[in-house]
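Participant: One file is attached below, protein_34.txt, containing compact mmCIF, C-alpha atoms.
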# COMPACT_ATOMS: atom_id res chain seq x y z
CA MET A 1 0.00 0.00 0.00
CA SER A 2 2.97 2.25 0.31
CA LYS A 3 3.36 4.79 -2.46
CA LEU A 4 6.29 7.04 -3.06
CA TRP A 5 4.80 10.17 -4.47
CA LEU A 6 7.60 11.09 -6.81
CA GLY A 7 7.66 14.72 -7.62
CA GLU A 8 6.34 15.70 -4.26
CA LEU A 9 8.27 18.15 -2.23
CA MET A 10 8.72 18.34 1.51
CA LEU A 11 7.74 21.82 2.61
CA GLY A 12 7.76 22.46 6.33
CA GLY A 13 6.18 19.18 7.34
CA VAL A 14 3.70 19.39 4.51
CA PHE A 15 3.90 17.57 1.19
CA CYS A 16 3.11 19.62 -1.84
CA SER A 17 2.79 18.75 -5.50
CA ILE A 18 4.91 19.77 -8.43
CA SER A 19 2.43 22.55 -9.04
CA CYS A 20 3.41 23.97 -5.66
CA TRP A 21 6.78 24.76 -7.15
CA ALA A 22 4.97 27.83 -8.28
CA GLN A 23 5.15 29.00 -4.69
CA MET A 24 8.90 28.80 -4.61
CA PRO A 25 11.52 31.37 -5.53
CA GLY A 26 12.45 31.21 -9.17
CA PHE A 27 9.01 30.11 -10.32
CA SER A 28 6.18 32.34 -11.41
CA GLN A 29 3.58 32.84 -8.72
CA MET A 30 0.50 30.63 -8.89
CA PRO A 31 -2.63 31.67 -7.01
CA GLY A 32 -2.83 29.86 -3.70
CA GLU A 33 -3.38 30.31 0.00
CA LYS A 34 -1.67 28.77 2.97
CA VAL A 35 -4.38 27.03 4.97
CA ASP A 36 -4.19 25.44 8.41
CA GLY A 37 -4.15 21.65 7.99
CA GLU A 38 -7.19 21.00 10.14
CA VAL A 39 -9.16 23.75 8.39
CA ALA A 40 -8.23 22.24 5.02
CA LEU A 41 -9.30 18.80 6.22
CA ASP A 42 -12.71 20.09 7.32
CA ARG A 43 -13.14 22.04 4.10
CA ALA A 44 -12.29 18.94 2.07
CA LEU A 45 -14.72 16.81 4.04
CA ARG A 46 -17.43 19.44 3.66
CA THR A 47 -16.83 19.45 -0.10
CA SER A 48 -16.06 15.81 -0.83
CA SER A 49 -17.67 13.65 1.86
CA LEU A 50 -21.27 12.61 1.40
CA THR A 51 -21.69 12.09 5.14
CA PHE A 52 -19.87 15.13 6.58
CA GLU A 53 -22.68 17.63 7.12
CA GLY A 54 -24.45 15.66 4.42
CA LYS A 55 -28.06 15.33 3.35
CA PRO A 56 -29.88 12.01 2.91
CA PHE A 57 -28.75 10.18 -0.21
CA HIS A 58 -28.87 6.92 -2.09
CA ALA A 59 -25.66 5.75 -3.77
CA VAL A 60 -24.57 2.73 -5.79
CA MET A 61 -20.95 1.91 -6.53
CA GLU A 62 -19.79 -0.81 -8.89
CA ILE A 63 -16.32 -2.19 -8.23
CA GLY A 64 -13.83 -3.84 -10.54
CA THR A 65 -14.63 -6.15 -13.43
CA ALA A 66 -17.59 -8.43 -12.90
CA GLY A 67 -16.62 -12.04 -12.32
CA THR A 68 -13.15 -11.28 -10.97
CA ASP A 69 -12.05 -11.74 -7.35
CA TYR A 70 -11.82 -8.02 -6.72
CA SER A 71 -15.24 -7.00 -7.90
CA GLY A 72 -18.48 -6.13 -6.22
CA ARG A 73 -21.15 -3.59 -5.48
CA VAL A 74 -21.89 -1.21 -2.62
CA GLU A 75 -25.32 0.35 -2.16
CA VAL A 76 -26.10 2.83 0.59
CA TRP A 77 -29.27 4.56 1.75
CA TRP A 78 -28.08 7.16 4.23
CA VAL A 79 -30.07 9.54 6.40
CA ASP A 80 -27.47 10.38 9.02
CA ALA A 81 -24.62 8.73 10.92
CA THR A 82 -27.08 6.85 13.11
CA LYS A 83 -29.53 5.83 10.42
CA TYR A 84 -28.49 4.07 7.24
CA ARG A 85 -28.82 0.87 5.26
CA LEU A 86 -25.83 -0.74 3.59
CA LEU A 87 -25.62 -3.54 1.04
CA VAL A 88 -22.21 -4.93 0.15
CA GLU A 89 -21.69 -7.66 -2.42
CA SER A 90 -18.56 -9.39 -3.65
CA PRO A 91 -17.70 -12.92 -4.80
CA LYS A 92 -16.65 -14.10 -1.32
CA PHE A 93 -18.30 -11.74 1.10
CA SER A 94 -21.64 -9.97 1.26
CA GLN A 95 -23.24 -7.89 3.97
CA GLU A 96 -26.61 -6.33 4.62
CA LYS A 97 -26.52 -3.90 7.50
CA VAL A 98 -29.16 -1.60 8.94
CA VAL A 99 -28.27 0.96 11.58
CA ASN A 100 -31.01 2.86 13.33
CA GLY A 101 -29.90 4.59 16.49
CA ASP A 102 -28.47 1.98 18.82
CA GLN A 103 -30.21 -0.80 16.95
CA VAL A 104 -28.16 -2.69 14.40
CA SER A 105 -28.92 -5.67 12.24
CA GLU A 106 -26.12 -7.24 10.23
CA GLU A 107 -26.32 -10.27 8.00
CA ASP A 108 -23.03 -11.51 6.61
CA GLN A 109 -22.40 -14.09 3.91
CA GLY A 110 -18.81 -15.27 4.17
CA ASP A 111 -16.48 -15.45 7.15
CA TYR A 112 -14.01 -12.76 6.15
CA TYR A 113 -14.55 -9.08 5.30
CA PRO A 114 -11.65 -8.09 3.01
CA ARG A 115 -9.77 -4.82 3.24
CA TRP A 116 -10.19 -3.78 -0.40
CA LEU A 117 -13.95 -4.08 -0.12
CA GLU A 118 -14.09 -2.17 3.15
CA ASN A 119 -12.02 0.58 1.52
CA PHE A 120 -14.82 1.22 -0.96
CA VAL A 121 -17.48 1.21 1.76
CA LEU A 122 -15.41 3.72 3.75
CA ALA A 123 -14.99 5.88 0.65
CA VAL A 124 -18.74 6.46 0.74
CA LEU A 125 -19.43 6.49 4.47
CA ASP A 126 -16.22 7.74 6.08
CA PRO A 127 -13.59 8.80 3.55
CA VAL A 128 -10.99 9.86 6.12
CA PRO A 129 -11.40 7.24 8.85
CA MET A 130 -8.22 8.31 10.62
CA ALA A 131 -9.01 12.05 10.50
CA LYS A 132 -8.37 12.35 14.23
CA ASN A 133 -4.71 11.49 13.63
CA PHE A 134 -4.34 14.75 11.70
CA ARG A 135 -6.22 17.04 14.06
CA GLY A 136 -4.59 19.28 16.62
CA ARG A 137 -1.13 18.89 15.12
CA GLY A 138 -0.63 22.22 13.38
CA GLY A 139 0.83 22.22 9.91
CA ALA A 140 -0.54 23.85 6.82
CA VAL A 141 -1.16 23.13 3.16
CA MET A 142 -1.15 25.30 0.06
CA LEU A 143 -4.53 25.37 -1.65
CA GLY A 144 -5.42 27.03 -4.92
CA PRO A 145 -7.37 26.48 -8.13
CA GLN A 146 -4.28 25.29 -9.99
CA ILE A 147 -2.69 23.36 -7.13
CA THR A 148 -3.45 19.76 -7.99
CA ARG A 149 -1.94 18.07 -4.98
CA SER A 150 -1.15 19.29 -1.52
CA CYS A 151 -0.91 16.87 1.38
CA LEU A 152 -1.05 16.68 5.13
CA GLN A 153 1.51 14.16 6.26
CA ARG A 154 1.98 12.39 9.54
CA ASP A 155 5.13 10.35 10.11
CA ASP A 156 5.87 9.73 13.77
CA ARG A 157 9.21 7.98 14.26
CA PRO A 158 9.69 7.07 17.92
CA GLY A 159 13.16 5.63 18.32
CA GLY A 160 13.79 6.14 14.61
CA ILE A 161 11.11 3.64 13.62
CA THR A 162 7.95 4.67 11.77
CA ASP A 163 4.82 4.27 13.85
CA GLN A 164 2.61 2.53 11.30
CA LEU A 165 -0.48 3.08 13.47
CA THR A 166 -0.33 6.84 12.94
CA TRP A 167 1.57 7.12 9.65
CA GLY A 168 -0.43 8.52 6.75
CA SER A 169 -1.25 11.30 4.35
CA VAL A 170 -4.38 13.09 3.22
CA CYS A 171 -4.08 14.94 -0.08
CA PHE A 172 -6.15 17.78 -1.45
CA SER A 173 -6.74 19.27 -4.87
CA GLY A 174 -8.00 22.69 -5.86
CA SER A 175 -9.07 25.57 -3.68
CA GLU A 176 -12.25 24.20 -2.11
CA PRO A 177 -10.49 21.71 -1.82
CA HIS A 178 -11.40 18.25 -3.11
CA LEU A 179 -10.20 15.23 -1.20
CA SER A 180 -7.85 13.60 -3.72
CA SER A 181 -6.35 10.69 -1.79
CA VAL A 182 -6.11 9.06 1.61
CA GLN A 183 -3.29 6.76 2.53
CA THR A 184 -2.39 4.93 5.72
CA MET A 185 -0.86 1.55 6.45
CA ASN A 186 -4.30 -0.05 6.19
CA VAL A 187 -6.32 2.28 3.94
CA TYR A 188 -5.59 3.57 0.48
CA MET A 189 -8.05 5.38 -1.75
CA GLU A 190 -7.76 7.84 -4.62
CA TYR A 191 -10.68 10.06 -5.58
CA LYS A 192 -11.25 11.35 -9.12
CA ASP A 193 -13.89 12.71 -11.50
CA TRP A 194 -15.63 15.03 -9.08
CA LYS A 195 -19.11 16.12 -10.07
CA LYS A 196 -21.54 18.46 -8.42
CA PHE A 197 -24.01 16.98 -5.94
CA ASN A 198 -26.06 19.59 -4.09
CA LYS A 199 -23.44 21.92 -2.67
CA LYS A 200 -20.75 19.27 -2.72
CA GLN A 201 -18.34 17.97 -5.35
CA ILE A 202 -18.40 14.18 -5.09
CA ALA A 203 -15.90 11.85 -6.75
CA ARG A 204 -17.37 9.40 -9.23
CA THR A 205 -14.25 7.26 -9.63
CA TYR A 206 -12.47 5.58 -6.75
CA SER A 207 -9.26 3.59 -6.85
CA THR A 208 -7.54 1.43 -4.26
CA ASP A 209 -4.92 -1.26 -4.72
CA VAL A 210 -4.38 -4.86 -3.74
CA LEU A 211 -1.48 -7.31 -3.50
CA ASP A 212 1.53 -5.70 -5.22
CA TYR A 213 -0.10 -2.34 -5.95
CA LYS A 214 -2.60 -3.66 -8.49
CA PRO A 215 -5.32 -1.06 -8.91
CA VAL A 216 -9.00 -1.82 -8.34
CA GLU A 217 -11.46 0.83 -9.44
CA GLY A 218 -14.94 1.66 -8.22
CA ARG A 219 -17.43 3.80 -10.09
CA LEU A 220 -20.30 5.64 -8.45
CA ILE A 221 -23.07 4.90 -10.93
CA THR A 222 -25.95 6.25 -8.88
CA LEU A 223 -26.02 9.21 -6.55
CA GLU A 224 -29.33 10.82 -5.73
CA GLU A 225 -30.72 12.92 -2.97
CA THR A 226 -33.42 11.26 -0.88
CA LYS A 227 -36.03 13.91 -0.23
CA LYS A 228 -38.30 11.70 1.86
CA PRO A 229 -36.46 8.70 3.27
CA ASP A 230 -38.65 5.63 3.51
CA GLU A 231 -38.61 4.81 7.22
CA ALA A 232 -39.40 1.17 6.46
CA MET A 233 -35.93 0.91 4.88
CA PHE A 234 -34.39 1.51 8.28
CA THR A 235 -36.50 -0.77 10.40
CA VAL A 236 -34.36 -3.17 12.38
CA SER A 237 -36.38 -6.34 12.56
CA GLY A 238 -33.87 -8.52 14.36
CA MET A 239 -31.01 -7.08 16.40
CA THR A 240 -27.56 -8.51 15.76
CA SER A 241 -25.42 -8.63 18.86
CA VAL A 242 -21.95 -7.08 18.80
CA GLY A 243 -20.47 -10.56 18.98
CA GLN A 244 -22.19 -11.59 15.76
CA ARG A 245 -21.01 -8.58 13.76
CA ILE A 246 -17.75 -8.46 11.85
CA SER A 247 -15.35 -5.76 12.91
CA THR A 248 -11.65 -5.26 12.40
CA ALA A 249 -9.00 -3.82 14.71
CA PHE A 250 -5.73 -2.32 13.51
CA VAL A 251 -3.05 -3.66 15.86
CA SER A 252 0.57 -2.75 16.43
CA THR A 253 3.53 -4.97 15.63
CA LEU A 254 4.02 -5.46 19.36
CA LYS A 255 0.45 -6.71 19.78
CA GLU A 256 0.63 -8.89 16.69
CA GLU A 257 3.85 -10.51 17.89
CA SER A 258 2.25 -11.35 21.22
CA LEU A 259 -0.54 -13.19 19.41
CA VAL A 260 1.50 -15.29 16.98
CA GLU A 261 0.31 -18.87 17.19
CA GLN A 262 2.10 -20.29 14.19
CA ALA A 263 4.85 -18.56 12.23
CA PRO A 264 5.78 -20.37 9.05
CA ALA A 265 9.37 -21.44 8.46
CA ILE A 266 10.32 -19.28 5.50
CA GLU A 267 12.98 -20.47 3.09
CA TRP A 268 13.84 -17.20 1.42
CA PRO A 269 14.91 -17.51 -2.22
CA SER A 270 18.15 -16.05 -3.53
CA VAL A 271 18.33 -12.49 -4.79
CA ARG A 272 20.21 -11.11 -7.76
CA GLU A 273 21.25 -7.84 -6.14
CA GLY A 274 20.78 -5.69 -3.07
CA LYS A 275 20.56 -6.66 0.56
CA THR A 276 20.65 -10.31 1.52
CA GLU A 277 19.54 -9.69 5.08
CA GLY A 278 17.07 -7.18 6.42
CA TYR A 279 13.43 -6.51 7.15
CA MET A 280 10.22 -5.96 5.29
CA ILE A 281 6.80 -4.82 6.40
CA VAL A 282 3.84 -6.60 4.89
CA TYR A 283 0.24 -5.49 5.39
CA ALA A 284 -1.64 -8.49 6.77
CA ARG A 285 -5.29 -8.93 7.68
CA THR A 286 -6.75 -11.91 9.49
CA ASP A 287 -10.17 -13.38 9.85
CA ARG A 288 -11.74 -13.76 13.29
CA THR A 289 -9.88 -17.02 13.93
CA GLY A 290 -6.54 -15.23 13.53
CA GLN A 291 -5.68 -16.78 10.16
CA VAL A 292 -4.12 -14.28 7.73
CA ARG A 293 -6.43 -14.04 4.74
CA GLU A 294 -5.12 -11.01 2.90
CA SER A 295 -1.68 -9.47 2.48
CA ALA A 296 -0.14 -6.68 0.47
CA LYS A 297 3.26 -5.17 -0.12
CA HIS A 298 4.19 -2.21 2.02
CA ASN A 299 7.91 -1.66 2.41
CA SER A 300 11.10 -3.71 2.22
CA ASP A 301 14.86 -3.49 2.47
CA GLN A 302 14.88 -5.91 -0.47
CA PRO A 303 12.17 -5.27 -3.11
CA GLY A 304 13.08 -8.52 -4.85
CA LEU A 305 11.72 -10.53 -1.92
CA GLU A 306 8.53 -8.60 -1.30
CA SER A 307 6.26 -10.84 -3.35
CA PHE A 308 7.64 -13.88 -1.56
CA GLY A 309 7.11 -12.21 1.82
CA MET A 310 3.56 -11.30 0.87
CA GLU A 311 2.84 -14.94 0.10
CA ALA A 312 4.57 -16.16 3.27
CA ALA A 313 2.42 -13.81 5.37
CA LEU A 314 -0.66 -15.78 4.33
CA ARG A 315 0.71 -18.77 6.28
CA TYR A 316 0.77 -16.90 9.59
CA LYS A 317 -1.77 -17.90 12.21
CA PHE A 318 -2.50 -15.76 15.25
CA LYS A 319 -4.52 -16.34 18.35
CA PRO A 320 -7.90 -14.66 17.88
CA LEU A 321 -7.96 -11.04 18.94
CA MET A 322 -10.61 -10.82 21.65
CA VAL A 323 -12.25 -7.46 22.37
CA ASN A 324 -14.79 -7.54 25.20
CA GLY A 325 -14.91 -11.31 24.80
CA VAL A 326 -15.66 -11.07 21.07
CA PRO A 327 -13.20 -12.22 18.38
CA GLN A 328 -12.33 -9.56 15.83
CA GLN A 329 -10.54 -9.49 12.53
CA MET A 330 -7.05 -7.99 12.79
CA GLU A 331 -4.95 -5.97 10.41
CA MET A 332 -1.33 -5.18 11.07
CA PRO A 333 2.12 -4.20 9.90
CA LEU A 334 3.67 -7.69 9.87
CA VAL A 335 7.44 -7.39 10.15
CA LEU A 336 9.40 -10.18 8.47
CA HIS A 337 13.13 -10.72 8.83
CA PHE A 338 14.71 -12.13 5.70
CA THR A 339 18.02 -13.86 5.16
CA SER A 340 18.92 -14.66 1.61
CA ARG A 341 21.98 -15.08 -0.60
CA LEU A 342 23.27 -13.51 -3.76
CA ASP A 343 22.95 -15.73 -6.81
CA ASP A 344 23.13 -15.11 -10.54
CA PRO A 345 23.90 -11.42 -10.06
CA LEU A 346 22.38 -8.96 -12.52
CA PRO A 347 24.74 -7.96 -15.32
CA ILE A 348 26.04 -4.40 -15.30
CA LEU A 349 26.89 -3.27 -18.81
CA THR A 350 29.65 -0.82 -19.55
CA ALA A 351 29.04 2.36 -21.52
CA ASP A 352 30.45 0.69 -24.64
CA GLN A 353 28.18 -2.35 -24.23
CA MET A 354 25.20 -0.04 -23.70
CA LYS A 355 25.82 1.65 -27.07
CA LYS A 356 24.80 -1.65 -28.68
CA GLN A 357 21.66 -1.92 -26.55
CA MET A 358 20.20 1.53 -27.21
CA ARG A 359 17.90 2.52 -30.06
CA ASP A 360 15.87 5.54 -31.16
CA CYS A 361 17.52 8.07 -28.90
CA GLU A 362 17.39 11.02 -31.27
CA MET B 1 24.67 6.86 -26.77
CA ASN B 2 22.43 9.77 -26.22
CA GLU B 3 22.72 13.47 -26.74
CA MET B 4 21.74 16.32 -24.48
CA PRO B 5 21.01 19.99 -25.17
CA ARG B 6 23.99 21.88 -26.56
CA GLY B 7 26.30 23.13 -23.88
CA THR B 8 25.28 20.55 -21.32
CA PRO B 9 28.28 18.90 -19.68
CA THR B 10 28.99 15.22 -20.13
CA ARG B 11 27.40 12.95 -17.60
CA ILE B 12 27.06 9.23 -16.94
CA VAL B 13 23.64 7.84 -16.12
CA LYS B 14 23.02 4.40 -14.69
CA VAL B 15 19.94 2.74 -16.15
CA SER B 16 17.96 -0.39 -15.39
CA VAL B 17 16.24 -2.31 -18.17
CA ASN B 18 13.85 -5.22 -17.82
CA GLU B 19 13.61 -8.45 -19.79
CA ASP B 20 11.38 -6.77 -22.37
CA GLY B 21 13.85 -3.97 -23.00
CA LYS B 22 11.79 -1.46 -21.07
CA LEU B 23 13.61 1.22 -19.10
CA THR B 24 12.62 0.70 -15.46
CA GLY B 25 14.88 3.14 -13.70
CA GLU B 26 17.63 5.65 -14.12
CA GLY B 27 19.89 7.57 -11.81
CA THR B 28 22.95 9.68 -12.00
CA VAL B 29 26.31 8.36 -10.96
CA PRO B 30 27.83 10.12 -7.94
CA ASN B 31 30.94 12.18 -8.64
CA ALA B 32 30.51 11.78 -12.39
CA VAL B 33 31.44 14.75 -14.54
CA GLY B 34 28.61 17.14 -15.33
CA SER B 35 26.13 19.25 -13.53
CA ASN B 36 22.68 18.71 -14.96
CA PRO B 37 21.33 15.35 -13.83
CA VAL B 38 17.68 16.20 -14.54
CA ALA B 39 18.48 17.08 -18.16
CA ALA B 40 20.53 13.90 -18.45
CA ILE B 41 17.70 11.69 -17.27
CA ARG B 42 15.06 13.49 -19.31
CA SER B 43 17.08 13.09 -22.44
CA LEU B 44 16.74 9.32 -22.09
CA GLU B 45 12.99 9.55 -22.56
CA GLY B 46 12.10 8.13 -25.90
CA CYS B 47 15.04 5.78 -26.02
CA SER B 48 14.37 2.11 -26.51
CA PHE B 49 16.63 -0.71 -25.40
CA LEU B 50 17.31 -4.19 -26.68
CA PRO B 51 16.80 -7.08 -24.29
CA TYR B 52 20.10 -8.40 -22.95
CA LEU B 53 20.50 -12.09 -23.53
CA ILE B 54 22.50 -14.58 -21.46
CA ASN B 55 22.53 -18.08 -22.95
CA GLY B 56 19.68 -17.00 -25.18
CA LYS B 57 17.50 -15.88 -22.29
CA ALA B 58 16.57 -12.26 -21.68
CA THR B 59 17.63 -10.91 -18.30
CA TYR B 60 17.07 -7.77 -16.32
CA TYR B 61 20.19 -5.63 -16.48
CA HIS B 62 21.85 -2.41 -15.46
CA GLY B 63 24.15 -0.31 -17.57
CA TYR B 64 26.00 2.95 -17.81
CA VAL B 65 25.05 5.46 -20.49
CA GLU B 66 27.31 8.33 -21.48
CA MET B 67 25.64 11.65 -22.19
CA TRP B 68 27.21 14.61 -23.88
CA ALA B 69 26.33 17.92 -25.49
CA ARG B 70 26.53 18.34 -29.23
Before we go any further, please render this structure as structure tokens.

Facilitator:
Amino acid sequence: MSKLWLGELMLGGVFCSISCWAQMPGFSQMPGEKVDGEVALDRALRTSSLTFEGKPFHAVMEIGTAGTDYSGRVEVWWVDATKYRLLVESPKFSQEKVVNGDQVSEEDQGDYYPRWLENFVLAVLDPVPMAKNFRGRGGAVMLGPQITRSCLQRDDRPGGITDQLTWGSVCFSGSEPHLSSVQTMNVYMEYKDWKKFNKKQIARTYSTDVLDYKPVEGRLITLEETKKPDEAMFTVSGMTSVGQRISTAFVSTLKEESLVEQAPAIEWPSVREGKTEGYMIVYARTDRTGQVRESAKHNSDQPGLESFGMEAALRYKFKPLMVNGVPQQMEMPLVLHFTSRLDDPLPILTADQMKKQMRDCE
Amino acid sequence: MNEMPRGTPTRIVKVSVNEDGKLTGEGTVPNAVGSNPVAAIRSLEGCSFLPYLINGKATYYHGYVEMWAR
């Protein structure tokens, strides 16, 4: 899920896009204003979030290519944060959930709620789920009609090690601004194709990624205001206890390590260059039994071993995470230590050899 | 060999090329002669590369490319 935003520029604790170069000496001035980070976040939510100071709506999102593993559909009838109906469908997991005050009914088909699918649900219901991590921290962003990317960044490094529980960035576009992307260890979503909806500008195209940064796209095909919500839609006929609902907790490496039940013996393959010993961080998500069901690349001292590490993570088994006596799904930064060897090293061609390899350079 | 805008000093760029001959990365060599690494890298855009074969099999490879001004 990690992305290196090439072209971005560190500017006083704030990441800014190439277009922000216009704010720097030597470049022509581009219209923009320096805005407090928290103010920008609220403005972006007011503009781009259906549920932040939102009016009742009905939305349908289609995800991916029908028939593939990473495909599905999300349908939401929303009145307010305490009253909504949610339908989620995918090949291996479906959910029908009705929330009405403190009454909740939830019917799940499938034993595991995958991250990529939850990302799309969050994009509609709570596009910046970790917003609190960015509040009360100061910082500012440059916003303007021609500034296409300006980001709030949080990167706590206690003891020189990134705290993956708080690490993340929220990026804005334009002067309103739009919310253009959200990225944390466990959530990644890009927002595009904003169109007017009441007083808001709502994205119609959503993109997350899975495995080794493979994109999965969602398209909002229906978005309509609900003038008179049908109360019958929100009737909770049978309450579902907390213990019967699926929820997921994001846990630290320390917590995850205390819950390891079975760590696979990993026979790391050889590498052709780079480090032969080091660490990698893999995003891993378990079901309620503690079995890892989903993994994705995040960061590694040795990129050549990341795919292997991602596969190995799927063989980890943890003790179930119990919260108030109820097992929960877990997601985590899983740290893997690799030891490998150099074999069949990559050829390095001299300048003369390269002359024979190059074509069409005029 | 590639050429850069007139007057640009000579520079050596290290490139990475995959099995299909696609440029996958480039970077300037520390302490190499020259002072315009961005121009050097940009001037590689549009180049194509042949796959490098070892025992008839294409392999990922690195290489050094010399750049100079006309």

Participant: Identify the residues within 12 Å of coordinate (-21.8, -5.7, 20.0) (same frame as the file), considering only C-alpha atoms, and give the answer as a ChimeraX atom specification.

Facilitator: /A:102-106,239-247,323-328

Participant: Distance CA of Gly63 in chain B-CA of Pro51 in chain B, one decimal place?

Facilitator: 12.0 Å

Participant: Edge lengths and centre, in Å to one decimal, as lines of an AutoDock Vina configuration file: that's what I need for the box along x, y and z that holds all listed atoms of range 49-65 of chain B plus 8 Å on each side.

Facilitator:
center_x = 21.3
center_y = -6.3
center_z = -21.1
size_x = 25.4
size_y = 39.5
size_z = 27.2

Participant: Find the residues of chain B in contact range of chain A, meaning any atom within 7 Å when counting only C-alpha atoms, and list them as a list in words.

Facilitator: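 The complete set of qualifying residues is Met1, Asn2, Leu44, Gly46, Cys47, Ser48, Phe49, Leu50, Tyr60, Tyr61, His62, Gly63, Tyr64, Val65 and Glu66 of chain B.
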
Participant: I'd like the contact shell of Ser181 in chain A - 7 Å cut-off, only C-alpha atoms, skipping same-chain residues fewer than 2 positions apart - returned as a short mmCIF file (atom, residue, chain, number, x, y, z; two decimals) with C-alpha atoms, in the frame of the given file.

Facilitator:
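Below is the file that was written, result.cif:
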data_model
loop_
_atom_site.label_atom_id
_atom_site.label_comp_id
_atom_site.auth_asym_id
_atom_site.auth_seq_id
_atom_site.Cartn_x
_atom_site.Cartn_y
_atom_site.Cartn_z
CA VAL A 170 -4.38 13.09 3.22
CA CYS A 171 -4.08 14.94 -0.08
CA LEU A 179 -10.20 15.23 -1.20
CA GLN A 183 -3.29 6.76 2.53
CA MET A 189 -8.05 5.38 -1.75
CA GLU A 190 -7.76 7.84 -4.62
CA TYR A 191 -10.68 10.06 -5.58
#

Participant: Between CA of Phe93 in chain A and CA of Glu62 in chain A, what is the distance, to one decimal in Å?

Facilitator: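 That distance, rounded to one decimal, is 14.9 Å.
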
Participant: I'd like the interatomic distance between CA of Val88 in chain A and CA of Pro127 in chain A, to a tenth of an Å.

Facilitator: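 Spanning CA of Val88 in chain A to CA of Pro127 in chain A is a straight-line distance of 16.6 Å.
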
Participant: Using all atoms listed in the file, which residue out of B:Met67, B:Ile12, B:Leu23, B:Val17 lies closest to Leu53 in chain B?

Facilitator: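 Residue with the minimum atom-to-atom distance to Leu53 in chain B: B:Val17.
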
Participant: Dig up all the protein and nucleic acid residues within 9 Å of (-30.7, 6.2, 3.5) in the file frame, using all atoms listed in the file, and format them as an MDAnalysis selection string.

Facilitator: chainID A and resid 56:59 76:80 83:86 226 229:231 233:234

Participant: Could you pull the residues within 10 Å of range 109-120 of chain A, counting all atoms listed in the file, minus those fewer than 4 positions along the same chain, as an mmCIF file with C-alpha atoms, in the coordinates of the input?

Facilitator:
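Result file follows (around.cif):
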data_model
loop_
_atom_site.group_PDB
_atom_site.id
_atom_site.type_symbol
_atom_site.label_atom_id
_atom_site.label_comp_id
_atom_site.auth_asym_id
_atom_site.auth_seq_id
_atom_site.Cartn_x
_atom_site.Cartn_y
_atom_site.Cartn_z
ATOM 1 C CA MET A 61 -20.950 1.910 -6.530
ATOM 2 C CA GLU A 62 -19.790 -0.810 -8.890
ATOM 3 C CA ILE A 63 -16.320 -2.190 -8.230
ATOM 4 C CA TYR A 70 -11.820 -8.020 -6.720
ATOM 5 C CA SER A 71 -15.240 -7.000 -7.900
ATOM 6 C CA GLY A 72 -18.480 -6.130 -6.220
ATOM 7 C CA ARG A 73 -21.150 -3.590 -5.480
ATOM 8 C CA VAL A 74 -21.890 -1.210 -2.620
ATOM 9 C CA VAL A 88 -22.210 -4.930 0.150
ATOM 10 C CA GLU A 89 -21.690 -7.660 -2.420
ATOM 11 C CA SER A 90 -18.560 -9.390 -3.650
ATOM 12 C CA PRO A 91 -17.700 -12.920 -4.800
ATOM 13 C CA LYS A 92 -16.650 -14.100 -1.320
ATOM 14 C CA PHE A 93 -18.300 -11.740 1.100
ATOM 15 C CA SER A 94 -21.640 -9.970 1.260
ATOM 16 C CA GLN A 95 -23.240 -7.890 3.970
ATOM 17 C CA GLU A 96 -26.610 -6.330 4.620
ATOM 18 C CA VAL A 124 -18.740 6.460 0.740
ATOM 19 C CA LEU A 125 -19.430 6.490 4.470
ATOM 20 C CA ASP A 126 -16.220 7.740 6.080
ATOM 21 C CA PRO A 127 -13.590 8.800 3.550
ATOM 22 C CA PRO A 129 -11.400 7.240 8.850
ATOM 23 C CA ASN A 186 -4.300 -0.050 6.190
ATOM 24 C CA VAL A 187 -6.320 2.280 3.940
ATOM 25 C CA TYR A 188 -5.590 3.570 0.480
ATOM 26 C CA MET A 189 -8.050 5.380 -1.750
ATOM 27 C CA TYR A 206 -12.470 5.580 -6.750
ATOM 28 C CA SER A 207 -9.260 3.590 -6.850
ATOM 29 C CA THR A 208 -7.540 1.430 -4.260
ATOM 30 C CA ASP A 209 -4.920 -1.260 -4.720
ATOM 31 C CA VAL A 210 -4.380 -4.860 -3.740
ATOM 32 C CA LEU A 211 -1.480 -7.310 -3.500
ATOM 33 C CA VAL A 216 -9.000 -1.820 -8.340
ATOM 34 C CA GLU A 217 -11.460 0.830 -9.440
ATOM 35 C CA GLY A 218 -14.940 1.660 -8.220
ATOM 36 C CA ARG A 219 -17.430 3.800 -10.090
ATOM 37 C CA ILE A 246 -17.750 -8.460 11.850
ATOM 38 C CA SER A 247 -15.350 -5.760 12.910
ATOM 39 C CA THR A 248 -11.650 -5.260 12.400
ATOM 40 C CA ALA A 284 -1.640 -8.490 6.770
ATOM 41 C CA ARG A 285 -5.290 -8.930 7.680
ATOM 42 C CA THR A 286 -6.750 -11.910 9.490
ATOM 43 C CA ASP A 287 -10.170 -13.380 9.850
ATOM 44 C CA ARG A 288 -11.740 -13.760 13.290
ATOM 45 C CA THR A 289 -9.880 -17.020 13.930
ATOM 46 C CA ARG A 293 -6.430 -14.040 4.740
ATOM 47 C CA GLU A 294 -5.120 -11.010 2.900
ATOM 48 C CA SER A 295 -1.680 -9.470 2.480
ATOM 49 C CA GLN A 329 -10.540 -9.490 12.530
ATOM 50 C CA GLU A 331 -4.950 -5.970 10.410
#

Participant: Given all atoms listed in the file as the basis, pick out the residue of A:His337, A:Lys55, A:Lys192, A:Lys319 nearest to Ala123 in chain A.

Facilitator: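 With all atoms listed in the file as the atom set, the closest residue is A:Lys192.
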